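S.K.: Below is coords-v5.txt; it holds compact mmCIF, C-alpha atoms.
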# COMPACT_ATOMS: atom_id res chain seq x y z
CA MET G 11 18.12 70.40 64.56
CA SER G 12 21.56 68.84 64.03
CA ALA G 13 22.64 66.64 61.15
CA THR G 14 22.59 63.65 63.43
CA THR G 15 19.07 64.36 64.58
CA THR G 16 17.64 64.75 61.11
CA GLY G 17 19.10 61.42 60.07
CA THR G 18 21.75 62.74 57.71
CA THR G 19 25.13 61.16 58.11
CA ALA G 20 28.64 62.51 58.15
CA PRO G 21 30.86 61.91 55.08
CA SER G 22 32.94 59.31 56.92
CA THR G 23 29.77 57.42 57.87
CA ARG G 24 28.44 57.47 54.32
CA PHE G 25 31.83 56.30 53.00
CA SER G 26 32.00 53.49 55.52
CA GLY G 27 28.46 52.41 54.59
CA ALA G 28 29.35 52.43 50.89
CA GLN G 29 32.43 50.34 51.64
CA HIS G 30 30.31 47.84 53.54
CA ARG G 31 27.81 47.52 50.67
CA LEU G 32 30.67 47.12 48.19
CA LEU G 33 32.18 44.38 50.35
CA ALA G 34 28.79 42.65 50.60
CA PHE G 35 28.32 42.83 46.83
CA ALA G 36 31.81 41.42 46.26
CA SER G 37 30.98 38.58 48.68
CA LEU G 38 27.82 37.84 46.67
CA ILE G 39 29.81 37.63 43.43
CA ILE G 40 32.44 35.38 45.03
CA LEU G 41 29.74 33.04 46.38
CA MET G 42 28.13 32.78 42.95
CA VAL G 43 31.47 32.04 41.28
CA VAL G 44 32.39 29.39 43.87
CA PHE G 45 29.04 27.59 43.68
CA SER G 46 28.94 27.76 39.88
CA LEU G 47 32.38 26.14 39.74
CA ALA G 48 31.39 23.53 42.34
CA SER G 49 28.18 22.54 40.55
CA PRO G 50 27.11 22.99 36.91
CA ASN G 51 23.49 23.07 38.09
CA PHE G 52 23.88 26.27 40.07
CA LEU G 53 23.56 28.75 37.20
CA GLN G 54 20.82 26.88 35.37
CA THR G 55 17.82 29.08 34.63
CA SER G 56 15.48 27.03 36.81
CA ASN G 57 17.83 27.28 39.79
CA VAL G 58 18.39 31.01 39.34
CA ILE G 59 14.61 31.47 39.34
CA THR G 60 14.40 29.38 42.52
CA ILE G 61 16.97 31.65 44.18
CA LEU G 62 15.07 34.76 43.11
CA GLN G 63 11.78 33.30 44.38
CA ALA G 64 13.33 32.58 47.76
CA THR G 65 14.85 36.06 47.86
CA SER G 66 11.49 37.68 47.12
CA VAL G 67 10.02 36.50 50.42
CA ASN G 68 13.09 36.97 52.61
CA GLY G 69 13.90 40.25 50.87
CA VAL G 70 10.50 41.77 51.58
CA LEU G 71 10.72 40.66 55.23
CA ALA G 72 14.24 42.09 55.43
CA ILE G 73 13.01 45.45 54.10
CA ALA G 74 10.42 45.52 56.90
CA ALA G 75 13.09 44.63 59.45
CA THR G 76 15.39 47.33 58.04
CA LEU G 77 12.90 50.09 58.78
CA VAL G 78 12.56 49.02 62.40
CA ILE G 79 16.27 48.44 62.95
CA ILE G 80 17.16 51.89 61.60
CA THR G 81 15.04 53.35 64.43
CA GLY G 82 17.23 51.47 66.90
CA GLY G 83 14.65 48.76 67.51
CA ILE G 84 14.26 45.12 66.53
CA ASP G 85 11.28 43.10 65.33
CA LEU G 86 11.34 39.39 66.11
CA SER G 87 7.75 38.94 64.91
CA VAL G 88 8.24 39.50 61.16
CA GLY G 89 8.24 35.78 60.35
CA THR G 90 5.14 34.87 62.32
CA LEU G 91 3.43 38.08 61.21
CA MET G 92 4.02 36.97 57.62
CA THR G 93 2.31 33.67 58.44
CA PHE G 94 -0.55 35.40 60.23
CA CYS G 95 -1.20 37.64 57.23
CA ALA G 96 -1.16 34.59 54.93
CA VAL G 97 -3.75 32.93 57.17
CA ILE G 98 -5.91 36.07 57.12
CA ALA G 99 -5.77 36.03 53.31
CA GLY G 100 -6.75 32.37 53.40
CA VAL G 101 -9.75 33.06 55.60
CA VAL G 102 -10.97 35.94 53.45
CA LEU G 103 -10.46 34.17 50.12
CA THR G 104 -11.17 30.53 50.95
CA PHE G 105 -13.52 30.54 53.93
CA TRP G 106 -15.45 33.68 52.99
CA GLY G 107 -15.10 33.40 49.21
CA MET G 108 -14.17 37.06 48.70
CA PRO G 109 -12.38 38.46 45.59
CA ILE G 110 -8.59 38.36 45.45
CA GLY G 111 -8.34 42.14 45.84
CA LEU G 112 -10.06 42.00 49.23
CA GLY G 113 -7.81 39.15 50.35
CA VAL G 114 -4.72 41.15 49.42
CA LEU G 115 -6.04 44.22 51.22
CA ALA G 116 -6.96 42.20 54.32
CA ALA G 117 -3.48 40.68 54.56
CA ILE G 118 -1.75 44.06 54.29
CA LEU G 119 -4.13 45.73 56.76
CA ALA G 120 -3.70 42.84 59.21
CA GLY G 121 0.05 43.33 59.02
CA ALA G 122 -0.22 47.09 59.49
CA LEU G 123 -2.54 46.63 62.49
CA SER G 124 -0.18 44.13 64.11
CA GLY G 125 2.74 46.47 63.49
CA THR G 126 0.77 49.33 65.04
CA ILE G 127 0.18 47.23 68.16
CA SER G 128 3.88 46.33 68.42
CA GLY G 129 4.82 49.97 67.92
CA THR G 130 2.39 51.02 70.63
CA PHE G 131 3.93 48.52 73.05
CA VAL G 132 7.37 49.97 72.33
CA ALA G 133 6.51 53.67 72.08
CA LYS G 134 3.70 54.12 74.61
CA LEU G 135 4.24 51.33 77.13
CA LYS G 136 8.05 51.62 76.88
CA ILE G 137 8.48 47.88 76.57
CA PRO G 138 11.89 47.04 75.06
CA PRO G 139 11.48 46.17 71.36
CA PHE G 140 13.05 42.74 71.86
CA ILE G 141 10.46 41.78 74.48
CA ALA G 142 7.50 43.49 72.80
CA THR G 143 8.06 41.80 69.45
CA LEU G 144 8.94 38.48 71.07
CA GLY G 145 5.55 38.59 72.78
CA MET G 146 3.87 39.52 69.49
CA MET G 147 5.65 36.63 67.80
CA LEU G 148 4.10 34.16 70.23
CA ILE G 149 0.67 35.83 70.07
CA LEU G 150 0.62 35.78 66.27
CA LYS G 151 1.84 32.19 66.16
CA GLY G 152 -1.01 31.14 68.44
CA LEU G 153 -3.60 33.19 66.55
CA SER G 154 -2.52 31.67 63.23
CA LEU G 155 -3.08 28.18 64.62
CA VAL G 156 -6.41 29.11 66.23
CA ILE G 157 -7.86 30.90 63.19
CA SER G 158 -6.82 28.16 60.78
CA GLY G 159 -7.85 25.32 63.07
CA THR G 160 -4.18 24.17 63.04
CA ARG G 161 -4.65 23.06 59.41
CA PRO G 162 -3.24 24.53 56.19
CA ILE G 163 -5.62 26.67 54.14
CA TYR G 164 -5.39 25.91 50.44
CA PHE G 165 -6.17 28.35 47.63
CA ASN G 166 -7.25 25.76 45.06
CA ASP G 167 -10.64 27.46 44.69
CA THR G 168 -9.11 30.90 44.17
CA PRO G 169 -8.05 31.09 40.50
CA GLY G 170 -5.18 33.41 39.89
CA PHE G 171 -3.87 33.56 43.46
CA THR G 172 -0.69 31.66 42.60
CA GLN G 173 0.02 34.23 39.88
CA ILE G 174 0.78 36.82 42.58
CA SER G 175 4.14 35.16 43.17
CA GLN G 176 4.65 32.54 40.45
CA GLY G 177 3.22 34.30 37.39
CA SER G 178 5.43 36.44 35.18
CA ILE G 179 4.18 39.71 33.75
CA ILE G 180 7.68 40.40 32.45
CA GLY G 181 7.85 36.94 30.87
CA ALA G 182 4.58 37.54 29.06
CA VAL G 183 6.08 40.63 27.43
CA VAL G 184 9.65 39.34 27.04
CA PRO G 185 9.58 35.50 26.89
CA ALA G 186 13.35 35.36 27.28
CA LEU G 187 13.01 36.89 30.79
CA PRO G 188 10.59 34.70 32.77
CA ILE G 189 11.17 36.69 35.97
CA PRO G 190 8.51 35.74 38.55
CA ASN G 191 6.05 38.37 39.75
CA GLY G 192 7.33 37.82 43.29
CA VAL G 193 10.71 39.23 42.29
CA LEU G 194 9.04 42.17 40.58
CA ILE G 195 7.02 42.84 43.75
CA LEU G 196 10.23 42.68 45.82
CA PHE G 197 11.85 45.40 43.72
CA LEU G 198 8.72 47.53 43.74
CA VAL G 199 8.61 47.30 47.54
CA ALA G 200 12.32 48.13 47.67
CA ILE G 201 11.87 51.19 45.45
CA ALA G 202 8.92 52.39 47.55
CA ALA G 203 10.81 51.83 50.82
CA SER G 204 13.89 53.63 49.48
CA PHE G 205 11.75 56.58 48.42
CA ILE G 206 10.13 56.73 51.87
CA LEU G 207 13.50 56.62 53.64
CA GLU G 208 15.21 59.17 51.42
CA ARG G 209 12.45 61.55 50.34
CA THR G 210 9.77 61.74 53.02
CA VAL G 211 9.35 63.12 56.52
CA LEU G 212 8.77 59.59 57.83
CA GLY G 213 12.11 58.53 56.40
CA ARG G 214 13.96 61.45 57.98
CA PHE G 215 12.47 60.72 61.37
CA THR G 216 13.18 57.00 60.97
CA PHE G 217 16.89 57.79 60.81
CA ALA G 218 16.59 60.48 63.47
CA LEU G 219 14.99 58.10 65.96
CA GLY G 220 17.90 55.71 65.60
CA SER G 221 20.54 58.45 65.71
CA ASN G 222 19.36 60.45 68.72
CA GLU G 223 15.77 59.89 69.81
CA GLU G 224 16.08 62.09 72.88
CA ALA G 225 17.28 65.07 70.84
CA VAL G 226 14.33 64.61 68.48
CA ARG G 227 11.91 64.50 71.41
CA LEU G 228 13.42 67.61 73.01
CA SER G 229 13.02 69.46 69.70
CA GLY G 230 9.26 69.10 70.09
CA VAL G 231 8.63 66.12 67.79
CA ASN G 232 6.09 63.48 68.80
CA THR G 233 8.54 60.59 68.65
CA ASP G 234 5.95 58.03 69.77
CA ARG G 235 3.74 58.76 66.77
CA TRP G 236 6.59 58.41 64.27
CA LYS G 237 7.87 55.23 65.89
CA ILE G 238 4.40 53.65 65.73
CA ALA G 239 4.15 54.72 62.08
CA VAL G 240 7.41 52.92 61.27
CA TYR G 241 6.26 49.70 62.94
CA ALA G 242 2.90 49.94 61.16
CA LEU G 243 4.61 50.38 57.78
CA ALA G 244 6.90 47.44 58.50
CA GLY G 245 3.86 45.36 59.44
CA GLY G 246 2.12 46.19 56.18
CA ILE G 247 5.22 45.11 54.27
CA CYS G 248 5.16 41.82 56.20
CA GLY G 249 1.61 41.42 54.90
CA ILE G 250 3.01 41.57 51.36
CA ALA G 251 5.53 38.87 52.30
CA GLY G 252 2.65 36.75 53.60
CA LEU G 253 0.88 37.04 50.25
CA LEU G 254 4.06 36.09 48.40
CA ILE G 255 4.75 32.95 50.41
CA ALA G 256 1.09 31.87 50.40
CA SER G 257 0.96 32.35 46.63
CA ARG G 258 4.20 30.45 46.18
CA LEU G 259 2.98 27.49 48.26
CA ASN G 260 -0.66 27.85 47.13
CA SER G 261 -1.55 27.55 50.80
CA ALA G 262 -1.36 29.33 54.14
CA GLN G 263 0.69 27.15 56.47
CA PRO G 264 -0.11 28.22 60.06
CA ALA G 265 2.97 26.52 61.53
CA LEU G 266 5.32 28.23 59.07
CA GLY G 267 7.18 31.45 59.72
CA GLN G 268 9.25 31.05 62.85
CA GLY G 269 12.90 31.27 61.89
CA TYR G 270 12.31 33.59 58.95
CA GLU G 271 13.01 36.56 61.21
CA LEU G 272 16.59 35.34 61.71
CA ASP G 273 17.27 35.20 57.97
CA ALA G 274 15.68 38.63 57.56
CA ILE G 275 17.75 40.21 60.35
CA ALA G 276 20.88 38.51 58.99
CA ALA G 277 20.22 40.02 55.54
CA VAL G 278 19.75 43.44 57.11
CA VAL G 279 23.02 43.30 59.06
CA ILE G 280 25.00 41.81 56.17
CA GLY G 281 23.71 44.67 54.03
CA GLY G 282 25.25 47.25 56.34
CA THR G 283 22.35 48.42 58.51
CA SER G 284 23.61 49.10 62.02
CA LEU G 285 21.91 47.28 64.89
CA SER G 286 22.49 50.40 66.98
CA GLY G 287 20.21 52.35 64.64
CA GLY G 288 20.58 55.49 62.56
CA ARG G 289 22.21 53.90 59.50
CA GLY G 290 21.08 51.60 56.75
CA THR G 291 19.97 51.31 53.14
CA ILE G 292 17.45 49.21 51.25
CA VAL G 293 20.03 48.45 48.54
CA GLY G 294 22.33 46.95 51.15
CA THR G 295 19.48 44.87 52.52
CA LEU G 296 18.69 43.49 49.04
CA ILE G 297 22.31 42.46 48.63
CA GLY G 298 22.21 40.79 52.04
CA ALA G 299 19.01 38.91 51.14
CA LEU G 300 20.59 37.68 47.91
CA ILE G 301 23.65 36.49 49.81
CA MET G 302 21.46 34.50 52.21
CA SER G 303 19.49 32.92 49.35
CA VAL G 304 22.56 32.11 47.25
CA LEU G 305 24.31 30.60 50.26
CA ALA G 306 21.34 28.43 51.24
CA ASN G 307 20.74 27.30 47.67
CA GLY G 308 24.40 26.59 46.99
CA LEU G 309 24.82 24.53 50.14
CA ARG G 310 21.67 22.60 49.28
CA ILE G 311 22.91 21.83 45.77
CA LEU G 312 26.20 20.61 47.25
CA SER G 313 24.15 18.29 49.52
CA VAL G 314 25.36 19.92 52.72
CA ALA G 315 23.23 18.67 55.62
CA GLN G 316 20.52 21.02 56.87
CA GLU G 317 22.02 21.15 60.35
CA TRP G 318 25.33 22.40 58.93
CA GLN G 319 23.49 24.97 56.84
CA THR G 320 22.05 26.29 60.10
CA VAL G 321 25.52 26.41 61.63
CA VAL G 322 26.80 28.42 58.66
CA THR G 323 23.86 30.85 58.88
CA GLY G 324 24.46 31.42 62.58
CA SER G 325 28.15 32.00 62.00
CA ILE G 326 27.41 34.57 59.30
CA ILE G 327 25.07 36.44 61.63
CA ILE G 328 27.75 36.63 64.34
CA LEU G 329 30.39 37.72 61.82
CA ALA G 330 28.11 40.40 60.36
CA VAL G 331 27.28 41.80 63.80
CA TYR G 332 30.95 41.82 64.81
CA THR G 333 31.82 43.64 61.60
CA ASP G 334 29.19 46.25 62.46
CA ILE G 335 30.73 46.66 65.93
CA LEU G 336 34.19 47.19 64.44
CA ARG G 337 32.79 49.70 61.93
CA ARG G 338 31.11 51.72 64.71
CA ARG G 339 34.35 51.80 66.69
CA ARG G 340 36.12 53.42 63.73
CA LEU G 341 33.50 56.16 63.29
Using the file provided, produce a representation of the structure as structure tokens.
M.R.:
Amino acid sequence: MSATTTGTTAPSTRFSGAQHRLLAFASLIILMVVFSLASPNFLQTSNVITILQATSVNGVLAIAATLVIITGGIDLSVGTLMTFCAVIAGVVLTFWGMPIGLGVLAAILAGALSGTISGTFVAKLKIPPFIATLGMMLILKGLSLVISGTRPIYFNDTPGFTQISQGSIIGAVVPALPIPNGVLILFLVAIAASFILERTVLGRFTFALGSNEEAVRLSGVNTDRWKIAVYALAGGICGIAGLLIASRLNSAQPALGQGYELDAIAAVVIGGTSLSGGRGTIVGTLIGALIMSVLANGLRILSVAQEWQTVVTGSIIILAVYTDILRRRRL
């Protein structure tokens, strides 16, 4: 099997990817410097924690989106899947009165099951990923409203649930570092995803599917099975994002979620993952997620209207995609 098929990249490709991540990191530093000079409130501890909390949710979603995009696909359902998993946790913990551990497990399994269904649509039924996940987005949005009765589910009777995201294990050990658990979970998910991509068979085939799926299939590999596995893994990660946002809000909001997929995909592209598949890193995605959070927070502190914030986000997405196109032309 060739280097392209196994997901390994040529030296020029790796160098270009490293350049892109370096450029993204430099952009993050510049944004932080500009906003800190524009407002003395930007680098206050409470605001930095707010940025990290926001990044924990979008970052986990972006990691899920990264896995799918590396295969050459796209998942428009990550935001609504996050909401659906939060609602499932709410049903298990609040309506059924089950222990927190079962609620966490139910949310992750619900995400994995939904991802498996999306992957089956793409791999077995040959439905284009854009259409398959768009349909799943609408299905999950409707199911969230139906299951919750269109009303938020609150976790007031579930002691300790808010600690999943808002507590601080690190802060309990080192009081000077009150880093929220949500941020810790984000980095643990990132480490696990990086290990899977770089050290496991699933990771190798994730890159191979995006590089040359037909060559992989002709070599005798069951590409459908590996593609479904990637979507299932991404779905399970979305379940973790659902737990984080529900814990942060102390409620499962059934109408929340739509729009999160755009921020997640933007973070992925800004971080250097190619929309054509075959290339990408979790480190780059984390940098992209931080850029999105810093930008949104900084604009909010400067009292920029929400509609203009949306304009800026859309412009960044277009610029990031165009940069990826230019990079592919040079390779």
S.K.: Near segment 301-306 of chain G, within 6 Å and counting only C-alpha atoms, which residues show up once chain neighbours fewer than 2 positions away are dropped, as JSON, numbers by chain?
M.R.: {"G": [38, 61, 65, 298, 299, 308, 309]}
S.K.: Excluding segment 266-281 of chain G and its own-chain neighbours fewer than 4 positions away, which residues fall within 9 Å of it when counting all atoms listed in the file? Please give them as a VMD selection string.
M.R.: chain G and resid 30 to 31 34 to 35 68 to 76 79 84 to 94 147 151 262 285 290 to 302 323 to 324 326 to 331 333 to 334
S.K.: Rounded to one decimal in Å, what is the spacing between atom CA of Val226 of chain G and atom CA of Leu243 of chain G?
M.R.: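 Atom-to-atom, atom CA of Val226 of chain G and atom CA of Leu243 of chain G are spaced 20.3 Å apart.
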S.K.: Ranking G:Asn260, G:Thr81, G:Gln176, G:Ser284 by minimum distance to Thr216 of chain G and counting only C-alpha atoms, which one comes first?
M.R.: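 Smallest separation from Thr216 of chain G among the options: G:Thr81.
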S.K.: Extract, using only C-alpha atoms, all DNA, RNA and protein residues at most 12 Å from segment 127-129 of chain G, discarding same-chain residues fewer than 2 positions from it, and format them as number ranges by chain.
M.R.: G: 78, 81, 83-88, 91, 120-125, 131-147, 149-150, 233-245
S.K.: Okay, now the selection with C-alpha atoms, as a PDB file, in the coordinates of the input?
M.R.:
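Contents of the output file part.pdb:
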ATOM      1  CA  VAL G  78      12.560  49.020  62.400  1.00  0.00           C
ATOM      2  CA  THR G  81      15.040  53.350  64.430  1.00  0.00           C
ATOM      3  CA  GLY G  83      14.650  48.760  67.510  1.00  0.00           C
ATOM      4  CA  ILE G  84      14.260  45.120  66.530  1.00  0.00           C
ATOM      5  CA  ASP G  85      11.280  43.100  65.330  1.00  0.00           C
ATOM      6  CA  LEU G  86      11.340  39.390  66.110  1.00  0.00           C
ATOM      7  CA  SER G  87       7.750  38.940  64.910  1.00  0.00           C
ATOM      8  CA  VAL G  88       8.240  39.500  61.160  1.00  0.00           C
ATOM      9  CA  LEU G  91       3.430  38.080  61.210  1.00  0.00           C
ATOM     10  CA  ALA G 120      -3.700  42.840  59.210  1.00  0.00           C
ATOM     11  CA  GLY G 121       0.050  43.330  59.020  1.00  0.00           C
ATOM     12  CA  ALA G 122      -0.220  47.090  59.490  1.00  0.00           C
ATOM     13  CA  LEU G 123      -2.540  46.630  62.490  1.00  0.00           C
ATOM     14  CA  SER G 124      -0.180  44.130  64.110  1.00  0.00           C
ATOM     15  CA  GLY G 125       2.740  46.470  63.490  1.00  0.00           C
ATOM     16  CA  PHE G 131       3.930  48.520  73.050  1.00  0.00           C
ATOM     17  CA  VAL G 132       7.370  49.970  72.330  1.00  0.00           C
ATOM     18  CA  ALA G 133       6.510  53.670  72.080  1.00  0.00           C
ATOM     19  CA  LYS G 134       3.700  54.120  74.610  1.00  0.00           C
ATOM     20  CA  LEU G 135       4.240  51.330  77.130  1.00  0.00           C
ATOM     21  CA  LYS G 136       8.050  51.620  76.880  1.00  0.00           C
ATOM     22  CA  ILE G 137       8.480  47.880  76.570  1.00  0.00           C
ATOM     23  CA  PRO G 138      11.890  47.040  75.060  1.00  0.00           C
ATOM     24  CA  PRO G 139      11.480  46.170  71.360  1.00  0.00           C
ATOM     25  CA  PHE G 140      13.050  42.740  71.860  1.00  0.00           C
ATOM     26  CA  ILE G 141      10.460  41.780  74.480  1.00  0.00           C
ATOM     27  CA  ALA G 142       7.500  43.490  72.800  1.00  0.00           C
ATOM     28  CA  THR G 143       8.060  41.800  69.450  1.00  0.00           C
ATOM     29  CA  LEU G 144       8.940  38.480  71.070  1.00  0.00           C
ATOM     30  CA  GLY G 145       5.550  38.590  72.780  1.00  0.00           C
ATOM     31  CA  MET G 146       3.870  39.520  69.490  1.00  0.00           C
ATOM     32  CA  MET G 147       5.650  36.630  67.800  1.00  0.00           C
ATOM     33  CA  ILE G 149       0.670  35.830  70.070  1.00  0.00           C
ATOM     34  CA  LEU G 150       0.620  35.780  66.270  1.00  0.00           C
ATOM     35  CA  THR G 233       8.540  60.590  68.650  1.00  0.00           C
ATOM     36  CA  ASP G 234       5.950  58.030  69.770  1.00  0.00           C
ATOM     37  CA  ARG G 235       3.740  58.760  66.770  1.00  0.00           C
ATOM     38  CA  TRP G 236       6.590  58.410  64.270  1.00  0.00           C
ATOM     39  CA  LYS G 237       7.870  55.230  65.890  1.00  0.00           C
ATOM     40  CA  ILE G 238       4.400  53.650  65.730  1.00  0.00           C
ATOM     41  CA  ALA G 239       4.150  54.720  62.080  1.00  0.00           C
ATOM     42  CA  VAL G 240       7.410  52.920  61.270  1.00  0.00           C
ATOM     43  CA  TYR G 241       6.260  49.700  62.940  1.00  0.00           C
ATOM     44  CA  ALA G 242       2.900  49.940  61.160  1.00  0.00           C
ATOM     45  CA  LEU G 243       4.610  50.380  57.780  1.00  0.00           C
ATOM     46  CA  ALA G 244       6.900  47.440  58.500  1.00  0.00           C
ATOM     47  CA  GLY G 245       3.860  45.360  59.440  1.00  0.00           C
TER      48      GLY G 245
END
S.K.: With all atoms listed in the file as the counted atoms, please give the residues lying no more than 8 Å from Ile174 of chain G, apart from itself and same-chain residues fewer than 6 positions off, as a list in words.
M.R.: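 After dropping sequence-adjacent residues, the list is Asn191, Gly192, Leu253, Leu254 and Ser257 of chain G.
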